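Have a look at final-v3.cif below; it lists mmCIF, C-alpha atoms and all ligand atoms.
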```
data_target
loop_
_atom_site.label_atom_id
_atom_site.label_comp_id
_atom_site.auth_asym_id
_atom_site.auth_seq_id
_atom_site.Cartn_x
_atom_site.Cartn_y
_atom_site.Cartn_z
CA ILE A 257 14.88 -17.49 11.62
CA THR A 258 14.96 -21.15 12.66
CA LYS A 259 11.49 -21.62 14.15
CA ILE A 260 8.49 -19.50 13.17
CA GLY A 261 5.93 -18.95 15.93
CA ILE A 262 2.33 -18.49 14.78
CA ILE A 263 -0.50 -17.46 17.10
CA GLY A 264 -4.21 -17.14 16.52
CA ALA A 265 -6.77 -16.19 19.15
CA MET A 266 -9.65 -18.32 18.01
CA ALA A 267 -10.41 -21.83 16.79
CA GLU A 268 -11.25 -20.65 13.24
CA GLU A 269 -7.77 -19.23 12.92
CA ILE A 270 -5.94 -22.33 14.14
CA GLU A 271 -8.07 -24.97 12.37
CA LEU A 272 -6.69 -23.72 9.06
CA LEU A 273 -3.12 -24.28 10.23
CA HIS A 274 -4.01 -27.81 11.37
CA GLN A 275 -5.03 -28.55 7.79
CA HIS A 276 -1.71 -27.41 6.32
CA VAL A 277 1.04 -28.21 8.84
CA ALA A 278 2.63 -31.63 9.16
CA VAL A 279 2.59 -31.80 12.97
CA ALA A 280 5.50 -33.72 14.53
CA SER A 281 4.92 -33.04 18.22
CA GLU A 282 2.81 -31.13 20.66
CA PHE A 283 2.83 -30.06 24.29
CA THR A 284 0.41 -28.34 26.62
CA LYS A 285 1.35 -25.64 29.11
CA ALA A 286 -0.87 -23.22 31.07
CA GLY A 287 -3.84 -24.81 29.33
CA ILE A 288 -2.60 -23.94 25.84
CA THR A 289 -1.51 -26.62 23.36
CA TYR A 290 1.50 -25.88 21.13
CA TYR A 291 1.96 -27.80 17.87
CA GLU A 292 5.35 -28.13 16.23
CA GLY A 293 5.85 -29.16 12.64
CA VAL A 294 6.72 -28.14 9.12
CA LEU A 295 4.98 -25.71 6.77
CA HIS A 296 6.53 -25.08 3.33
CA ASP A 297 9.79 -26.67 4.53
CA LYS A 298 9.96 -24.26 7.49
CA GLN A 299 9.96 -25.28 11.12
CA VAL A 300 6.86 -23.78 12.79
CA ILE A 301 5.25 -23.81 16.22
CA TYR A 302 1.67 -22.62 16.52
CA CYS A 303 -1.14 -22.39 19.02
CA LYS A 304 -4.48 -20.89 19.92
CA SER A 305 -3.90 -18.24 22.55
CA GLY A 306 -7.48 -17.63 23.60
CA VAL A 307 -9.02 -14.17 23.67
CA GLY A 308 -7.56 -11.11 25.36
CA LYS A 309 -4.26 -9.65 26.45
CA VAL A 310 -3.51 -11.96 29.40
CA ASN A 311 -4.01 -15.10 27.33
CA ALA A 312 -1.93 -13.62 24.55
CA ALA A 313 0.91 -12.60 26.86
CA VAL A 314 1.19 -15.99 28.60
CA CYS A 315 0.95 -17.75 25.27
CA THR A 316 3.63 -15.63 23.63
CA GLN A 317 6.15 -16.10 26.44
CA ILE A 318 5.70 -19.88 26.34
CA LEU A 319 6.05 -19.82 22.54
CA LEU A 320 9.33 -17.91 22.82
CA ASP A 321 10.61 -20.16 25.60
CA ALA A 322 9.93 -23.09 23.24
CA GLY A 323 12.35 -21.57 20.74
CA ALA A 324 10.24 -19.45 18.39
CA ASP A 325 12.51 -16.74 17.00
CA CYS A 326 9.80 -14.68 15.35
CA VAL A 327 6.06 -14.39 15.93
CA LEU A 328 3.30 -14.02 13.35
CA PHE A 329 -0.16 -13.29 14.70
CA THR A 330 -3.14 -14.19 12.51
CA GLY A 331 -6.70 -13.13 13.17
CA VAL A 332 -9.66 -10.85 12.74
CA ALA A 333 -10.30 -7.31 13.90
CA GLY A 334 -12.81 -4.52 13.87
CA ALA A 335 -12.06 -1.81 11.30
CA LEU A 336 -11.38 1.72 12.61
CA ASP A 337 -10.02 3.28 9.41
CA PRO A 338 -13.06 4.11 7.23
CA LYS A 339 -11.12 2.93 4.16
CA LEU A 340 -11.33 -0.66 5.39
CA ASP A 341 -14.08 -3.04 4.32
CA ILE A 342 -14.99 -6.50 5.62
CA GLY A 343 -12.23 -8.94 4.64
CA ASP A 344 -9.63 -6.20 4.04
CA ILE A 345 -6.25 -6.57 5.73
CA VAL A 346 -4.21 -4.57 8.20
CA VAL A 347 -0.52 -5.38 8.61
CA SER A 348 0.77 -3.96 11.88
CA GLU A 349 3.43 -1.28 11.65
CA SER A 350 3.06 -1.00 15.39
CA CYS A 351 0.73 -2.01 18.22
CA ILE A 352 -0.50 -0.15 21.27
CA GLN A 353 -2.77 -1.04 24.20
CA HIS A 354 -5.68 1.39 23.92
CA ASP A 355 -7.13 0.39 27.29
CA MET A 356 -3.93 1.24 29.19
CA ASP A 357 -5.09 4.47 30.81
CA CYS A 358 -3.15 6.23 33.56
CA THR A 359 -4.27 9.68 32.42
CA PRO A 360 -5.18 10.69 36.02
CA LEU A 361 -1.45 10.45 36.77
CA GLY A 362 -0.56 12.60 33.77
CA PHE A 363 0.42 9.82 31.37
CA ALA A 364 -0.98 10.00 27.84
CA LYS A 365 -3.63 7.43 26.91
CA GLY A 366 -2.02 4.11 25.98
CA VAL A 367 1.22 4.85 27.83
CA ILE A 368 2.50 2.10 30.12
CA PRO A 369 3.96 3.95 33.13
CA PHE A 370 7.70 3.44 33.75
CA HIS A 371 8.02 1.01 30.82
CA PRO A 372 10.61 1.80 28.11
CA ARG A 373 8.01 1.79 25.30
CA SER A 374 4.25 1.73 24.87
CA GLU A 375 4.01 1.60 21.10
CA PHE A 376 5.72 -1.53 19.84
CA ALA A 377 7.09 -1.40 16.30
CA ALA A 378 6.66 -4.52 14.23
CA ASP A 379 9.68 -5.97 12.43
CA LYS A 380 10.14 -4.10 9.14
CA HIS A 381 11.12 -7.19 7.15
CA LEU A 382 8.13 -9.19 8.42
CA VAL A 383 5.84 -6.22 7.69
CA GLU A 384 7.10 -6.08 4.09
CA LEU A 385 6.71 -9.85 3.64
CA ALA A 386 3.17 -9.78 5.06
CA TYR A 387 2.18 -6.76 2.99
CA ALA A 388 3.60 -8.28 -0.20
CA ALA A 389 1.74 -11.55 0.47
CA SER A 390 -1.45 -9.63 1.19
CA GLU A 391 -1.18 -7.53 -1.96
CA LYS A 392 -0.45 -10.62 -4.04
CA LEU A 393 -3.54 -12.43 -2.76
CA PHE A 394 -5.91 -9.47 -2.29
CA PRO A 395 -4.70 -6.59 -4.46
CA GLY A 396 -5.61 -3.12 -3.23
CA ARG A 397 -7.19 -4.43 -0.04
CA SER A 398 -4.39 -4.09 2.51
CA LEU A 399 -2.83 -1.30 4.48
CA LYS A 400 0.02 -0.98 6.94
CA GLY A 401 -1.07 0.72 10.12
CA LYS A 402 -1.36 0.91 13.85
CA VAL A 403 -3.16 -1.95 15.60
CA LEU A 404 -4.97 -1.07 18.83
CA SER A 405 -5.50 -3.80 21.42
CA GLY A 406 -7.65 -3.87 24.51
CA ASP A 407 -9.80 -6.21 26.54
CA GLN A 408 -12.96 -4.86 24.94
CA PHE A 409 -15.00 -5.73 21.87
CA ILE A 410 -15.41 -2.31 20.25
CA ALA A 411 -19.00 -1.83 19.17
CA SER A 412 -19.99 1.81 18.83
CA ARG A 413 -19.46 4.56 16.31
CA GLU A 414 -18.22 6.89 19.06
CA ALA A 415 -15.52 4.44 20.13
CA VAL A 416 -14.44 3.92 16.52
CA GLU A 417 -14.10 7.65 15.97
CA SER A 418 -12.18 8.33 19.16
CA LEU A 419 -9.79 5.38 18.68
CA HIS A 420 -9.16 6.38 15.08
CA GLN A 421 -8.70 10.07 15.88
CA GLU A 422 -6.95 9.99 19.29
CA LEU A 423 -4.68 7.01 18.67
CA GLN A 424 -4.66 6.82 14.85
CA GLY A 425 -5.65 3.16 14.96
CA ALA A 426 -6.30 1.27 11.73
CA CYS A 427 -8.13 -1.55 13.51
CA ALA A 428 -9.10 -2.78 16.98
CA GLU A 429 -8.57 -6.24 18.37
CA MET A 430 -7.75 -7.88 21.70
CA GLU A 431 -4.28 -9.46 21.56
CA GLY A 432 -1.79 -7.83 19.19
CA ALA A 433 -0.17 -5.28 21.49
CA SER A 434 0.18 -7.89 24.20
CA VAL A 435 2.04 -10.21 21.85
CA ALA A 436 4.05 -7.20 20.68
CA GLN A 437 5.07 -6.19 24.19
CA VAL A 438 6.19 -9.70 25.13
CA CYS A 439 8.20 -9.95 21.89
CA ASP A 440 9.75 -6.55 22.61
CA MET A 441 10.68 -7.58 26.15
CA ASN A 442 12.42 -10.64 24.68
CA GLY A 443 14.00 -8.92 21.67
CA ILE A 444 12.06 -11.06 19.17
CA PRO A 445 10.61 -9.76 15.87
CA TYR A 446 6.87 -9.93 15.30
CA VAL A 447 4.09 -8.87 12.97
CA VAL A 448 0.31 -8.91 13.36
CA ILE A 449 -1.92 -9.64 10.36
CA ARG A 450 -5.61 -8.88 10.81
CA SER A 451 -8.47 -9.21 8.41
CA MET A 452 -11.59 -7.17 9.14
CA SER A 453 -14.55 -9.16 10.49
CA ASP A 454 -16.63 -6.06 11.36
CA LYS A 455 -16.59 -2.29 11.49
CA ALA A 456 -16.54 -2.09 15.30
CA ASP A 457 -19.73 0.00 15.16
CA GLY A 458 -22.18 -2.27 16.94
CA SER A 459 -23.42 -4.21 13.90
CA ALA A 460 -21.01 -7.11 14.47
CA HIS A 461 -23.54 -9.39 16.21
CA VAL A 462 -25.54 -9.63 12.97
CA ASN A 463 -22.92 -11.38 10.87
CA PHE A 464 -19.83 -11.81 13.04
CA PRO A 465 -19.64 -15.63 12.70
CA GLU A 466 -19.94 -15.53 8.91
CA PHE A 467 -17.48 -12.68 8.43
CA THR A 468 -15.09 -14.21 10.96
CA VAL A 469 -14.77 -17.34 8.82
CA LYS A 470 -14.07 -15.22 5.72
CA ALA A 471 -11.64 -12.90 7.49
CA SER A 472 -9.81 -15.74 9.28
CA THR A 473 -9.33 -17.43 5.92
CA HIS A 474 -7.81 -14.29 4.41
CA SER A 475 -5.43 -13.84 7.32
CA HIS A 476 -4.42 -17.49 7.16
CA GLN A 477 -3.76 -17.33 3.40
CA ILE A 478 -1.39 -14.43 3.98
CA ILE A 479 0.51 -16.32 6.68
CA ASP A 480 0.73 -19.36 4.43
CA GLU A 481 2.11 -17.26 1.55
CA MET A 482 4.58 -15.27 3.65
CA VAL A 483 6.01 -18.34 5.41
CA LYS A 484 7.34 -19.44 2.00
CA HIS A 485 9.51 -16.32 1.91
CA ILE A 486 10.78 -16.11 5.50
N1 LIG B 1 -12.09 -8.51 16.92
C1 LIG B 1 -12.93 -8.52 15.86
N2 LIG B 1 -13.74 -7.47 15.90
C2 LIG B 1 -13.42 -6.77 17.01
C3 LIG B 1 -13.92 -5.58 17.61
N3 LIG B 1 -14.93 -4.93 17.07
N4 LIG B 1 -13.35 -5.16 18.77
C4 LIG B 1 -12.35 -5.85 19.32
N5 LIG B 1 -11.85 -6.98 18.82
C5 LIG B 1 -12.38 -7.44 17.65
#
```
Once more with this new file: its structure as structure tokens, please.
Amino acid sequence: ITKIGIIGAMAEEIELLHQHVAVASEFTKAGITYYEGVLHDKQVIYCKSGVGKVNAAVCTQILLDAGADCVLFTGVAGALDPKLDIGDIVVSESCIQHDMDCTPLGFAKGVIPFHPRSEFAADKHLVELAYAASEKLFPGRSLKGKVLSGDQFIASREAVESLHQELQGACAEMEGASVAQVCDMNGIPYVVIRSMSDKADGSAHVNFPEFTVKASTHSHQIIDEMVKHI
């Protein structure tokens, strides 16, 4: 690895990197600003993708074209696995797009027609580094699992149950599988690290901003710790 790419979807997630990275240069493309610099003696390039799969896909391709040879995604998610509490961490073993639905044509839910893969495995080494960092910082509060992405904020108990049962998702968010697919198409390793900001059951509006700050901080701390070991 010569240049670590780091993506967050929201301002909270990227502000924390601004505070820790010595930025040497920046450029803007497709409305997204990319910052290059050094974090723990490692060359990094990071940016705020914006929300959703299209933003994440465009952002990831530009990041890779700029020379990133691995991608770490930091952010928050809604918990699907009942074991997960607010602030707990999911490290992606794989990602899938839960809103890809060509079932009327006979494809299983989440399957991208005529594409080689629909479930994108994260890089095993990056998963182990992220999990080790997470367990060091927040013992007993992390799990490795499947991240489900879609252009929807999940906010009902029914949706949580069906996503957990039908697709075995650990958490739901809006970018991971998009980043994962672009990395897969380019042959670049990735991992998604998500801290739980809500339980995806419709109660998020009550305390989403507060929990987002807490969860973003957890996710950032894990990135910061794992970068030391990449
Ligand atoms: N990101 C944080 N919480 C989420 C949820 N409930 N659904 C989708 N993305 C999220």
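Distance cut-off 6 Å, centre (4.3, -27.3, 10.1), atoms counted only C-alpha atoms; the residues meeting this are Val277, Ala278, Val279, Gly293, Val294, Leu295 and Val300 of chain A.
Shortest separation to His274 of chain A among A:Ala286, A:Gln353, A:His476, A:Arg373 occurs at residue A:His476, atoms counted being all atoms listed in the file.
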Original post:
Contacts of Asn442 of chain A at 10 Å or less, counting all atoms listed in the file, minus same-chain residues fewer than 5 places along, as a PyMOL selection string?
Top reply: chain A and resi 317+320-321+325+436-437
Original post:
With distances taken over all atoms listed in the file, which of A:Ser348, A:Ser390, A:Ser405, A:Thr359 is nearest to ligand LIG 1 (chain B)?
Top reply: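 Selected residue with least distance to ligand LIG 1 (chain B): A:Ser405.
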**OP:** Write out as a PyMOL selection string which residues come within 8 Å of Ala433 of chain A when counting all atoms listed in the file, dropping same-chain ones fewer than 6 positions away.
**Re:** chain A and resi 309+351-353+376+403-405
**OP:** Within 6 Å of ligand LIG 1 (chain B), which residues show up when you count all atoms listed in the file? List them as a ChimeraX atom specification, please.
**Re:** /A:332-334,408-411,428-430,453-454,456
Subject >> Interatomic distance (Å, one decimal) between atom CA of Pro369 of chain A and atom CA of Gly425 of chain A >> reply: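 Separation between atom CA of Pro369 of chain A and atom CA of Gly425 of chain A: 20.6 Å.
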**OP:** Determine the nearest neighbour of Ile260 of chain A from the options A:Gly458, A:Pro395, A:Pro372, A:Pro445, counting all atoms listed in the file.
**Re:** A:Pro445
**OP:** May I ask which of the residues A:Ile345, A:Met356, A:Val314, A:Val416 is the closest one to Gly396 of chain A, counting all atoms listed in the file?
**Re:**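 Answer, going by the shortest atom-to-atom distance: A:Ile345.
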**OP:** Pick out the closest residue to Asp344 of chain A from this set: A:Glu417, A:Glu391, A:Glu431, A:Asp407. Count all atoms listed in the file.
**Re:** A:Glu391
Original post:
atom CA of Thr468 of chain A to atom CA of Ala267 of chain A: how many Å, to one decimal?
Top reply: 10.7 Å
**OP:** Considering only C-alpha atoms, state which residue in the set A:Tyr291, A:Val448, A:His461, A:Ile257 is at the smallest distance from Val347 of chain A.
**Re:** A:Val448
